[in-house]
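Chemist: Contents of entry-v1.csv (CSV, C-alpha atoms) are below:
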chain,number,residue,atom,x,y,z
A,1,MET,CA,33.3,153.1,57.2
A,2,VAL,CA,34.4,149.5,57.0
A,3,VAL,CA,33.9,149.5,53.2
A,4,ARG,CA,36.0,152.6,52.9
A,5,TYR,CA,38.7,151.1,55.1
A,6,LEU,CA,38.8,147.9,53.0
A,7,SER,CA,39.0,150.0,49.8
A,8,VAL,CA,42.0,151.8,51.1
A,9,VAL,CA,43.7,148.5,52.2
A,10,THR,CA,43.0,147.0,48.8
A,11,LEU,CA,44.3,150.1,47.0
A,12,LEU,CA,47.5,150.0,49.1
A,13,PHE,CA,47.9,146.3,48.4
A,14,PHE,CA,47.7,146.8,44.6
A,15,VAL,CA,50.1,149.8,44.8
A,16,SER,CA,52.6,147.6,46.8
A,17,VAL,CA,52.3,144.8,44.2
A,18,ILE,CA,52.8,147.1,41.3
A,19,THR,CA,55.7,148.9,43.0
A,20,ALA,CA,57.3,145.6,43.8
A,21,PHE,CA,56.9,144.5,40.2
A,22,PHE,CA,58.3,147.6,38.5
A,23,LEU,CA,60.9,148.5,41.1
A,24,LYS,CA,62.2,144.9,41.6
A,25,PRO,CA,65.7,145.2,43.0
A,26,ALA,CA,68.5,143.8,40.9
A,27,PRO,CA,69.6,140.4,42.0
A,28,VAL,CA,72.8,140.4,44.1
A,29,LYS,CA,75.6,138.8,42.1
A,30,LYS,CA,77.8,136.3,43.8
A,31,PRO,CA,81.5,137.2,43.5
A,32,ASP,CA,83.4,135.3,40.9
A,33,THR,CA,85.7,133.2,43.0
A,34,SER,CA,87.4,131.8,40.0
A,35,VAL,CA,89.5,134.9,39.7
A,36,TYR,CA,90.7,134.6,43.3
A,37,LYS,CA,93.5,132.3,44.4
A,38,ASP,CA,94.3,130.6,47.6
A,39,PRO,CA,96.9,132.7,49.4
A,40,LEU,CA,99.3,129.8,49.6
A,41,THR,CA,99.1,129.4,45.8
A,42,VAL,CA,99.9,133.0,45.3
A,43,ILE,CA,102.9,132.8,47.6
A,44,LYS,CA,104.2,129.7,45.8
A,45,GLU,CA,103.7,131.3,42.4
A,46,THR,CA,105.4,134.5,43.5
A,47,TYR,CA,108.3,132.5,45.0
A,48,SER,CA,108.7,130.5,41.8
A,49,ALA,CA,108.7,133.6,39.7
A,50,LEU,CA,111.4,135.2,41.8
A,51,ILE,CA,113.6,132.1,41.7
A,52,TRP,CA,113.3,131.8,37.9
A,53,LYS,CA,114.1,135.5,37.5
A,54,GLU,CA,117.2,135.1,39.6
A,55,LEU,CA,118.3,132.0,37.6
A,56,GLU,CA,117.8,133.8,34.3
A,57,GLU,CA,119.9,136.7,35.5
A,58,GLN,CA,123.0,134.5,36.0
A,59,LYS,CA,125.5,134.6,33.2
A,60,ASP,CA,126.8,131.0,33.5
A,61,PHE,CA,125.7,127.6,34.9
A,62,SER,CA,128.2,127.8,37.8
A,63,SER,CA,126.3,130.9,39.0
A,64,ARG,CA,123.0,129.2,38.4
A,65,PHE,CA,124.1,126.3,40.4
A,66,GLU,CA,124.8,128.6,43.4
A,67,VAL,CA,121.1,129.8,43.1
A,68,VAL,CA,120.0,126.2,42.9
A,69,LYS,CA,121.9,125.2,46.1
A,70,GLN,CA,120.6,128.2,48.0
A,71,THR,CA,117.0,127.4,46.9
A,72,MET,CA,117.5,123.8,48.0
A,73,ARG,CA,118.8,124.9,51.4
A,74,TYR,CA,115.6,126.7,52.2
A,75,ASN,CA,113.0,124.8,50.1
A,76,PRO,CA,114.0,121.3,49.1
A,77,GLU,CA,110.5,120.5,47.9
A,78,PHE,CA,110.5,123.1,45.2
A,79,GLU,CA,110.2,120.7,42.3
A,80,SER,CA,110.9,123.2,39.6
A,81,ILE,CA,114.5,123.2,40.7
A,82,TYR,CA,114.8,119.5,39.9
A,83,ARG,CA,113.3,120.1,36.5
A,84,GLU,CA,115.8,122.9,35.9
A,85,ILE,CA,118.8,120.8,36.9
A,86,CYS,CA,117.7,117.8,34.8
A,87,SER,CA,116.8,119.8,31.7
A,88,SER,CA,120.3,121.3,31.6
A,89,VAL,CA,122.3,118.6,33.4
A,90,GLU,CA,125.0,118.4,30.6
A,91,GLU,CA,125.5,122.2,30.8
A,92,TYR,CA,125.9,122.0,34.6
A,93,MET,CA,128.4,119.2,34.3
A,94,ALA,CA,130.3,121.1,31.6
A,95,SER,CA,130.6,124.1,33.9
A,96,ARG,CA,132.5,121.9,36.4
A,97,VAL,CA,130.1,122.1,39.3
A,98,ASP,CA,130.8,119.8,42.2
A,99,ILE,CA,129.5,116.4,41.0
A,100,ASP,CA,128.7,115.1,44.5
A,101,GLU,CA,126.6,118.2,45.2
A,102,LEU,CA,124.9,117.8,41.9
A,103,LEU,CA,124.1,114.1,42.6
A,104,THR,CA,122.9,115.0,46.1
A,105,ILE,CA,120.4,117.5,44.7
A,106,ILE,CA,119.1,115.2,42.0
A,107,GLY,CA,119.0,112.3,44.5
A,108,LYS,CA,116.8,114.4,46.7
A,109,GLY,CA,114.4,114.9,43.8
A,110,VAL,CA,114.3,111.2,43.2
A,111,GLU,CA,113.6,110.6,46.9
A,112,LEU,CA,110.8,113.2,47.0
A,113,TYR,CA,109.0,112.5,43.7
A,114,ASN,CA,110.3,109.1,42.4
A,115,ASN,CA,110.3,110.5,38.9
A,116,GLU,CA,111.9,108.3,36.2
A,117,GLN,CA,113.3,111.4,34.5
A,118,TYR,CA,115.2,112.3,37.7
A,119,VAL,CA,116.5,108.7,37.9
A,120,ILE,CA,117.8,108.9,34.3
A,121,CYS,CA,119.3,112.3,35.1
A,122,TYR,CA,121.1,110.9,38.2
A,123,LEU,CA,122.5,108.0,36.2
A,124,LYS,CA,123.7,110.3,33.4
A,125,VAL,CA,125.8,112.2,35.9
A,126,LEU,CA,127.2,109.0,37.4
A,127,ARG,CA,128.1,107.7,33.9
A,128,SER,CA,130.1,110.9,33.3
A,129,VAL,CA,132.4,110.0,36.2
A,130,GLU,CA,132.1,106.2,35.6
A,131,GLY,CA,130.2,105.8,38.9
A,132,PHE,CA,128.7,102.4,37.8
A,133,ALA,CA,128.9,100.7,41.2
A,134,ARG,CA,127.3,103.7,42.9
A,135,GLY,CA,124.5,103.8,40.2
A,136,ILE,CA,123.8,100.1,40.6
A,137,ASP,CA,123.6,100.4,44.4
A,138,PHE,CA,121.3,103.4,43.9
A,139,LEU,CA,119.0,101.5,41.7
A,140,LYS,CA,118.9,98.5,43.9
A,141,GLU,CA,117.9,100.7,46.8
A,142,LEU,CA,115.0,102.2,44.8
A,143,ASP,CA,114.0,98.7,43.8
A,144,GLN,CA,113.7,97.6,47.4
A,145,LYS,CA,111.5,100.6,48.3
A,146,THR,CA,108.8,99.9,45.7
A,147,SER,CA,106.3,97.2,45.1
A,148,ASP,CA,105.2,98.6,41.8
A,149,PRO,CA,106.0,95.8,39.2
A,150,TYR,CA,106.5,98.3,36.4
A,151,LYS,CA,109.1,100.2,38.4
A,152,LYS,CA,110.8,97.0,39.5
A,153,ALA,CA,111.1,95.9,35.9
A,154,TRP,CA,112.4,99.3,34.9
A,155,TYR,CA,115.0,99.4,37.7
A,156,LEU,CA,116.2,95.8,36.8
A,157,GLU,CA,116.7,96.8,33.2
A,158,ALA,CA,118.6,99.9,34.2
A,159,ILE,CA,120.8,97.9,36.6
A,160,ARG,CA,121.6,95.5,33.7
A,161,GLY,CA,122.4,98.4,31.5
A,162,LEU,CA,124.9,99.8,33.9
A,163,GLN,CA,126.5,96.4,34.5
A,164,HIS,CA,126.9,95.9,30.8
A,165,GLU,CA,128.4,99.4,30.3
A,166,ARG,CA,130.8,98.8,33.2
A,167,ASN,CA,131.9,95.4,31.8
A,168,ILE,CA,132.4,96.8,28.3
A,169,LEU,CA,134.6,99.6,29.6
A,170,PHE,CA,136.5,97.2,31.9
A,171,LEU,CA,137.2,94.7,29.0
A,172,THR,CA,138.0,97.5,26.5
A,173,ARG,CA,140.7,98.9,28.8
A,174,ALA,CA,142.1,95.4,29.4
A,175,VAL,CA,142.4,94.9,25.7
A,176,GLU,CA,144.1,98.3,25.2
A,177,LYS,CA,146.6,97.4,27.9
A,178,TYR,CA,147.3,94.1,26.2
A,179,TYR,CA,147.7,95.8,22.9
A,180,GLN,CA,150.2,98.4,24.3
A,181,ALA,CA,152.3,95.6,25.7
A,182,ASN,CA,152.2,93.2,22.7
A,183,LYS,CA,151.3,95.5,19.7
A,184,ILE,CA,148.5,93.0,18.7
A,185,PHE,CA,145.0,92.5,19.9
A,186,PRO,CA,144.2,89.3,21.8
A,187,GLY,CA,142.3,86.7,19.9
A,188,ASP,CA,140.2,85.8,22.9
A,189,LEU,CA,139.2,87.2,26.3
A,190,SER,CA,140.8,84.2,28.0
A,191,VAL,CA,144.2,85.5,26.8
A,192,LEU,CA,143.6,88.5,29.1
A,193,GLU,CA,143.2,86.1,32.0
A,194,GLU,CA,146.3,84.2,31.1
A,195,ALA,CA,148.3,87.4,30.8
A,196,GLY,CA,147.1,88.4,34.3
A,197,ILE,CA,145.5,91.6,33.1
A,198,ILE,CA,142.1,90.5,34.4
A,199,ASP,CA,141.1,88.0,37.1
A,200,GLU,CA,138.0,86.7,35.3
A,201,ILE,CA,135.7,87.5,32.5
A,202,PRO,CA,132.7,89.4,33.8
A,203,GLU,CA,129.3,87.8,33.4
A,204,GLU,CA,127.1,89.3,30.6
A,205,PRO,CA,123.9,90.5,32.4
A,206,TYR,CA,121.7,89.7,29.4
A,207,GLY,CA,122.7,86.0,29.3
A,208,GLY,CA,125.2,86.3,26.4
A,209,GLN,CA,128.9,86.1,26.2
A,210,TYR,CA,131.5,88.8,25.6
A,211,PHE,CA,134.0,88.4,22.8
A,212,ILE,CA,136.6,90.4,21.0
A,213,ALA,CA,135.6,91.7,17.5
A,214,LYS,CA,137.7,93.5,14.9
A,215,GLN,CA,140.1,96.2,16.1
A,216,GLY,CA,139.8,94.9,19.7
A,217,GLN,CA,136.2,96.0,20.1
A,218,ILE,CA,134.2,94.3,22.8
A,219,ARG,CA,130.9,92.8,21.7
A,220,SER,CA,128.2,90.5,23.1
A,221,THR,CA,126.5,87.5,21.7
A,222,SER,CA,123.1,88.5,23.2
A,223,GLU,CA,120.7,90.6,21.1
A,224,ARG,CA,120.1,93.1,23.9
A,225,GLY,CA,123.8,93.4,24.9
A,226,GLY,CA,124.8,93.8,21.3
A,227,LYS,CA,122.4,96.7,20.8
A,228,SER,CA,123.3,98.6,24.0
A,229,ARG,CA,126.9,99.4,22.9
Can I see the file as structure tokens?

Modeler:
Amino acid sequence: MVVRYLSVVTLLFFVSVITAFFLKPAPVKKPDTSVYKDPLTVIKETYSALIWKELEEQKDFSSRFEVVKQTMRYNPEFESIYREICSSVEEYMASRVDIDELLTIIGKGVELYNNEQYVICYLKVLRSVEGFARGIDFLKELDQKTSDPYKKAWYLEAIRGLQHERNILFLTRAVEKYYQANKIFPGDLSVLEEAGIIDEIPEEPYGGQYFIAKQGQIRSTSERGGKSR
């Protein structure tokens, strides 16, 4: 009786082993999470696509600027808008959008992301309206906010560049004024002081001296100043 029972148990054991071997269930595959995206990412991508679609539907840059302003009102951290503005800043300026509004938007991009390209974009707009003093103050403020030696050097160079452009423009206009009154170009910048057209000759930011070249053009004795104009 016992032997028969053991035989039955043994038989059942081998049957279960064979069954398990041949009828082994397929392994459960883990879902491929790489195809799934975080819901927040999906929302951002959808929002971005909608904004770009709306921008592309506009027929001119004045209309595009209205979309930009509306986007900034609700989502100022949407960086694609700053890239859009700076990639087409000349077109926006040519469309006669409000310069102060344009500068406010680009300035916000600089504040949020401290991107050199946005700084360059901001200065380009200021140059178009001869906003040299505002640009210099803007760069000095950025310089005070950073301890990065590379950025400090970059800001200093940009400040010098604006100062030089401002001085060249100032002296050029003074020479033109003198020419209109006397029908000849002054031989020296000191003549402009003597004539009361300027109070003093501005300091050349690169360490050189300004002088009057042929046809009343303003030049600098410094290598850097000479190349920048």

Chemist: Go through A:Leu156, A:Ala195, A:Val129, A:Leu189 and flag the residue nearest Gln144 (chain A), using only C-alpha atoms for the distances.

Modeler: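 Nearest candidate to Gln144 (chain A) out of A:Leu156, A:Ala195, A:Val129, A:Leu189: A:Leu156.
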
Chemist: Just checking: using all atoms listed in the file, which residue out of A:Ile201, A:Glu194, A:Glu101, A:Val175 ends up closest to Lys214 (chain A)?

Modeler: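 Using all atoms listed in the file, the shortest distance to Lys214 (chain A) belongs to A:Val175.
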
Chemist: Given the point (145.3, 90.0, 26.1) in the coordinates of this file, which residues lie within 9 Å, counting only C-alpha atoms, and how would they look as a short mmCIF file (atom, residue, chain, number, x, y, z; two decimals) with C-alpha atoms, keeping the file's coordinate frame?

Modeler:
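result_8.cif was written with the following content:
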data_model
loop_
_atom_site.label_atom_id
_atom_site.label_comp_id
_atom_site.auth_asym_id
_atom_site.auth_seq_id
_atom_site.Cartn_x
_atom_site.Cartn_y
_atom_site.Cartn_z
CA ALA A 174 142.10 95.40 29.40
CA VAL A 175 142.40 94.90 25.70
CA GLU A 176 144.10 98.30 25.20
CA LYS A 177 146.60 97.40 27.90
CA TYR A 178 147.30 94.10 26.20
CA TYR A 179 147.70 95.80 22.90
CA ALA A 181 152.30 95.60 25.70
CA ASN A 182 152.20 93.20 22.70
CA ILE A 184 148.50 93.00 18.70
CA PHE A 185 145.00 92.50 19.90
CA PRO A 186 144.20 89.30 21.80
CA GLY A 187 142.30 86.70 19.90
CA ASP A 188 140.20 85.80 22.90
CA LEU A 189 139.20 87.20 26.30
CA SER A 190 140.80 84.20 28.00
CA VAL A 191 144.20 85.50 26.80
CA LEU A 192 143.60 88.50 29.10
CA GLU A 193 143.20 86.10 32.00
CA GLU A 194 146.30 84.20 31.10
CA ALA A 195 148.30 87.40 30.80
CA GLY A 196 147.10 88.40 34.30
CA ILE A 197 145.50 91.60 33.10
CA ILE A 198 142.10 90.50 34.40
#

Chemist: Need the shell around Ser63 (chain A): protein/DNA/RNA residues with any atom at most 10 Å away, counting only C-alpha atoms. Skip same-chain ones fewer than 6 positions apart. Format as a ChimeraX atom specification?

Modeler: /A:55,57,92,95,97

Chemist: Could you work out how far CA of Cys86 (chain A) lies from CA of Cys121 (chain A), giving the answer in Å with one decimal?

Modeler: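 Computed distance, CA of Cys121 (chain A) to CA of Cys86 (chain A), equals 5.7 Å.
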
Chemist: Measure the distance from CA of Gly107 (chain A) to CA of Val119 (chain A) in Å and round it to one decimal.

Modeler: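 Taking CA of Gly107 (chain A) and CA of Val119 (chain A), their separation equals 7.9 Å.
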
Chemist: Between A:Glu203, A:Asp60, A:Glu223, A:Glu130, which is the closest to Glu91 (chain A) once you count all atoms listed in the file?

Modeler: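 Under the stated criterion, the closest residue is A:Asp60.
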
Chemist: Measuring atom to atom with only C-alpha atoms, identify which of A:Val110, A:Ile51, A:Leu102, A:Met93 is nearest to Ser80 (chain A).

Modeler: A:Ile51

Chemist: Could you check which of A:Leu139, A:Arg64, A:Asn115, A:Thr104 is closest to Ala153 (chain A), using only C-alpha atoms?

Modeler: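 Among the listed residues, A:Leu139 lies closest to Ala153 (chain A).
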
Chemist: What is the distance, in Å and to one decimal place, between CA of Ile218 (chain A) and CA of Tyr155 (chain A)?

Modeler: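 Pair CA of Ile218 (chain A) / CA of Tyr155 (chain A) returns 24.8 Å.
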
Chemist: Using all atoms listed in the file, find all polymer residues with an atom at most 12 Å away from the point (115.6, 121.5, 34.6); report them as a PyMOL selection string.

Modeler: chain A and resi 52+55+61+64-65+68+78-92+105-106+109+117-118+121

Chemist: List the neighbours of Asp143 (chain A) out to 12 Å using only C-alpha atoms; skip same-chain residues closer than 3 positions along the sequence, and give me the result as a PyMOL selection string.

Modeler: chain A and resi 114+119+136-140+146-159

Chemist: So, with all atoms listed in the file as the atoms that count, which of A:Thr172, A:Gln70, A:Ser48, A:Asn167 lies closest to Glu204 (chain A)?

Modeler: A:Asn167

Chemist: How would region 54-86 of chain A look with N, CA and C atoms restored, written as a PDB file, keeping the file's coordinate frame?

Modeler:
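The new file rebuild-v8.pdb reads:
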ATOM      1  N   GLU A  54     115.837 135.072  39.136  1.00  0.00           N
ATOM      2  CA  GLU A  54     117.200 135.100  39.600  1.00  0.00           C
ATOM      3  C   GLU A  54     118.088 134.126  38.784  1.00  0.00           C
ATOM      4  N   LEU A  55     117.523 132.975  38.414  1.00  0.00           N
ATOM      5  CA  LEU A  55     118.300 132.000  37.600  1.00  0.00           C
ATOM      6  C   LEU A  55     118.598 132.616  36.225  1.00  0.00           C
ATOM      7  N   GLU A  56     117.614 133.266  35.630  1.00  0.00           N
ATOM      8  CA  GLU A  56     117.800 133.800  34.300  1.00  0.00           C
ATOM      9  C   GLU A  56     118.804 134.975  34.288  1.00  0.00           C
ATOM     10  N   GLU A  57     118.989 135.602  35.440  1.00  0.00           N
ATOM     11  CA  GLU A  57     119.900 136.700  35.500  1.00  0.00           C
ATOM     12  C   GLU A  57     121.379 136.265  35.583  1.00  0.00           C
ATOM     13  N   GLN A  58     121.588 134.973  35.862  1.00  0.00           N
ATOM     14  CA  GLN A  58     123.000 134.500  36.000  1.00  0.00           C
ATOM     15  C   GLN A  58     123.573 134.283  34.584  1.00  0.00           C
ATOM     16  N   LYS A  59     124.838 134.585  34.461  1.00  0.00           N
ATOM     17  CA  LYS A  59     125.500 134.600  33.200  1.00  0.00           C
ATOM     18  C   LYS A  59     126.060 133.188  32.797  1.00  0.00           C
ATOM     19  N   ASP A  60     126.250 132.319  33.783  1.00  0.00           N
ATOM     20  CA  ASP A  60     126.800 131.000  33.500  1.00  0.00           C
ATOM     21  C   ASP A  60     126.156 129.974  34.433  1.00  0.00           C
ATOM     22  N   PHE A  61     126.385 128.692  34.125  1.00  0.00           N
ATOM     23  CA  PHE A  61     125.700 127.600  34.900  1.00  0.00           C
ATOM     24  C   PHE A  61     126.369 127.439  36.273  1.00  0.00           C
ATOM     25  N   SER A  62     127.587 127.870  36.449  1.00  0.00           N
ATOM     26  CA  SER A  62     128.200 127.800  37.800  1.00  0.00           C
ATOM     27  C   SER A  62     127.437 128.747  38.729  1.00  0.00           C
ATOM     28  N   SER A  63     127.109 129.927  38.226  1.00  0.00           N
ATOM     29  CA  SER A  63     126.300 130.900  39.000  1.00  0.00           C
ATOM     30  C   SER A  63     124.913 130.396  39.248  1.00  0.00           C
ATOM     31  N   ARG A  64     124.342 129.793  38.217  1.00  0.00           N
ATOM     32  CA  ARG A  64     123.000 129.200  38.400  1.00  0.00           C
ATOM     33  C   ARG A  64     122.963 128.145  39.421  1.00  0.00           C
ATOM     34  N   PHE A  65     124.050 127.381  39.461  1.00  0.00           N
ATOM     35  CA  PHE A  65     124.100 126.300  40.400  1.00  0.00           C
ATOM     36  C   PHE A  65     124.129 126.827  41.861  1.00  0.00           C
ATOM     37  N   GLU A  66     124.741 127.962  42.056  1.00  0.00           N
ATOM     38  CA  GLU A  66     124.800 128.600  43.400  1.00  0.00           C
ATOM     39  C   GLU A  66     123.326 128.963  43.797  1.00  0.00           C
ATOM     40  N   VAL A  67     122.546 129.454  42.840  1.00  0.00           N
ATOM     41  CA  VAL A  67     121.100 129.800  43.100  1.00  0.00           C
ATOM     42  C   VAL A  67     120.364 128.518  43.448  1.00  0.00           C
ATOM     43  N   VAL A  68     120.646 127.466  42.694  1.00  0.00           N
ATOM     44  CA  VAL A  68     120.000 126.200  42.900  1.00  0.00           C
ATOM     45  C   VAL A  68     120.274 125.685  44.349  1.00  0.00           C
ATOM     46  N   LYS A  69     121.533 125.732  44.748  1.00  0.00           N
ATOM     47  CA  LYS A  69     121.900 125.200  46.100  1.00  0.00           C
ATOM     48  C   LYS A  69     121.256 126.071  47.183  1.00  0.00           C
ATOM     49  N   GLN A  70     121.209 127.382  46.976  1.00  0.00           N
ATOM     50  CA  GLN A  70     120.600 128.200  48.000  1.00  0.00           C
ATOM     51  C   GLN A  70     119.090 127.944  48.082  1.00  0.00           C
ATOM     52  N   THR A  71     118.451 127.715  46.939  1.00  0.00           N
ATOM     53  CA  THR A  71     117.000 127.400  46.900  1.00  0.00           C
ATOM     54  C   THR A  71     116.773 126.069  47.654  1.00  0.00           C
ATOM     55  N   MET A  72     117.628 125.076  47.380  1.00  0.00           N
ATOM     56  CA  MET A  72     117.500 123.800  48.000  1.00  0.00           C
ATOM     57  C   MET A  72     117.668 123.824  49.508  1.00  0.00           C
ATOM     58  N   ARG A  73     118.504 124.748  49.929  1.00  0.00           N
ATOM     59  CA  ARG A  73     118.800 124.900  51.400  1.00  0.00           C
ATOM     60  C   ARG A  73     117.531 125.309  52.130  1.00  0.00           C
ATOM     61  N   TYR A  74     116.722 126.159  51.502  1.00  0.00           N
ATOM     62  CA  TYR A  74     115.600 126.700  52.200  1.00  0.00           C
ATOM     63  C   TYR A  74     114.239 126.017  51.788  1.00  0.00           C
ATOM     64  N   ASN A  75     114.225 125.438  50.599  1.00  0.00           N
ATOM     65  CA  ASN A  75     113.000 124.800  50.100  1.00  0.00           C
ATOM     66  C   ASN A  75     113.282 123.608  49.249  1.00  0.00           C
ATOM     67  N   PRO A  76     113.652 122.475  49.864  1.00  0.00           N
ATOM     68  CA  PRO A  76     114.000 121.300  49.100  1.00  0.00           C
ATOM     69  C   PRO A  76     112.845 120.671  48.307  1.00  0.00           C
ATOM     70  N   GLU A  77     111.625 121.063  48.625  1.00  0.00           N
ATOM     71  CA  GLU A  77     110.500 120.500  47.900  1.00  0.00           C
ATOM     72  C   GLU A  77     110.012 121.341  46.742  1.00  0.00           C
ATOM     73  N   PHE A  78     110.833 122.295  46.362  1.00  0.00           N
ATOM     74  CA  PHE A  78     110.500 123.100  45.200  1.00  0.00           C
ATOM     75  C   PHE A  78     110.875 122.375  43.939  1.00  0.00           C
ATOM     76  N   GLU A  79     109.908 121.663  43.360  1.00  0.00           N
ATOM     77  CA  GLU A  79     110.200 120.700  42.300  1.00  0.00           C
ATOM     78  C   GLU A  79     110.740 121.349  41.023  1.00  0.00           C
ATOM     79  N   SER A  80     110.400 122.587  40.778  1.00  0.00           N
ATOM     80  CA  SER A  80     110.900 123.200  39.600  1.00  0.00           C
ATOM     81  C   SER A  80     112.419 123.237  39.488  1.00  0.00           C
ATOM     82  N   ILE A  81     113.054 123.239  40.647  1.00  0.00           N
ATOM     83  CA  ILE A  81     114.500 123.200  40.700  1.00  0.00           C
ATOM     84  C   ILE A  81     115.052 121.903  40.117  1.00  0.00           C
ATOM     85  N   TYR A  82     114.386 120.802  40.432  1.00  0.00           N
ATOM     86  CA  TYR A  82     114.800 119.500  39.900  1.00  0.00           C
ATOM     87  C   TYR A  82     114.647 119.435  38.396  1.00  0.00           C
ATOM     88  N   ARG A  83     113.550 120.022  37.922  1.00  0.00           N
ATOM     89  CA  ARG A  83     113.300 120.100  36.500  1.00  0.00           C
ATOM     90  C   ARG A  83     114.385 120.934  35.802  1.00  0.00           C
ATOM     91  N   GLU A  84     114.740 122.036  36.458  1.00  0.00           N
ATOM     92  CA  GLU A  84     115.800 122.900  35.900  1.00  0.00           C
ATOM     93  C   GLU A  84     117.099 122.191  35.808  1.00  0.00           C
ATOM     94  N   ILE A  85     117.479 121.485  36.853  1.00  0.00           N
ATOM     95  CA  ILE A  85     118.800 120.800  36.900  1.00  0.00           C
ATOM     96  C   ILE A  85     118.773 119.701  35.760  1.00  0.00           C
ATOM     97  N   CYS A  86     117.726 118.897  35.686  1.00  0.00           N
ATOM     98  CA  CYS A  86     117.700 117.800  34.800  1.00  0.00           C
ATOM     99  C   CYS A  86     117.557 118.206  33.301  1.00  0.00           C
TER     100      CYS A  86
END
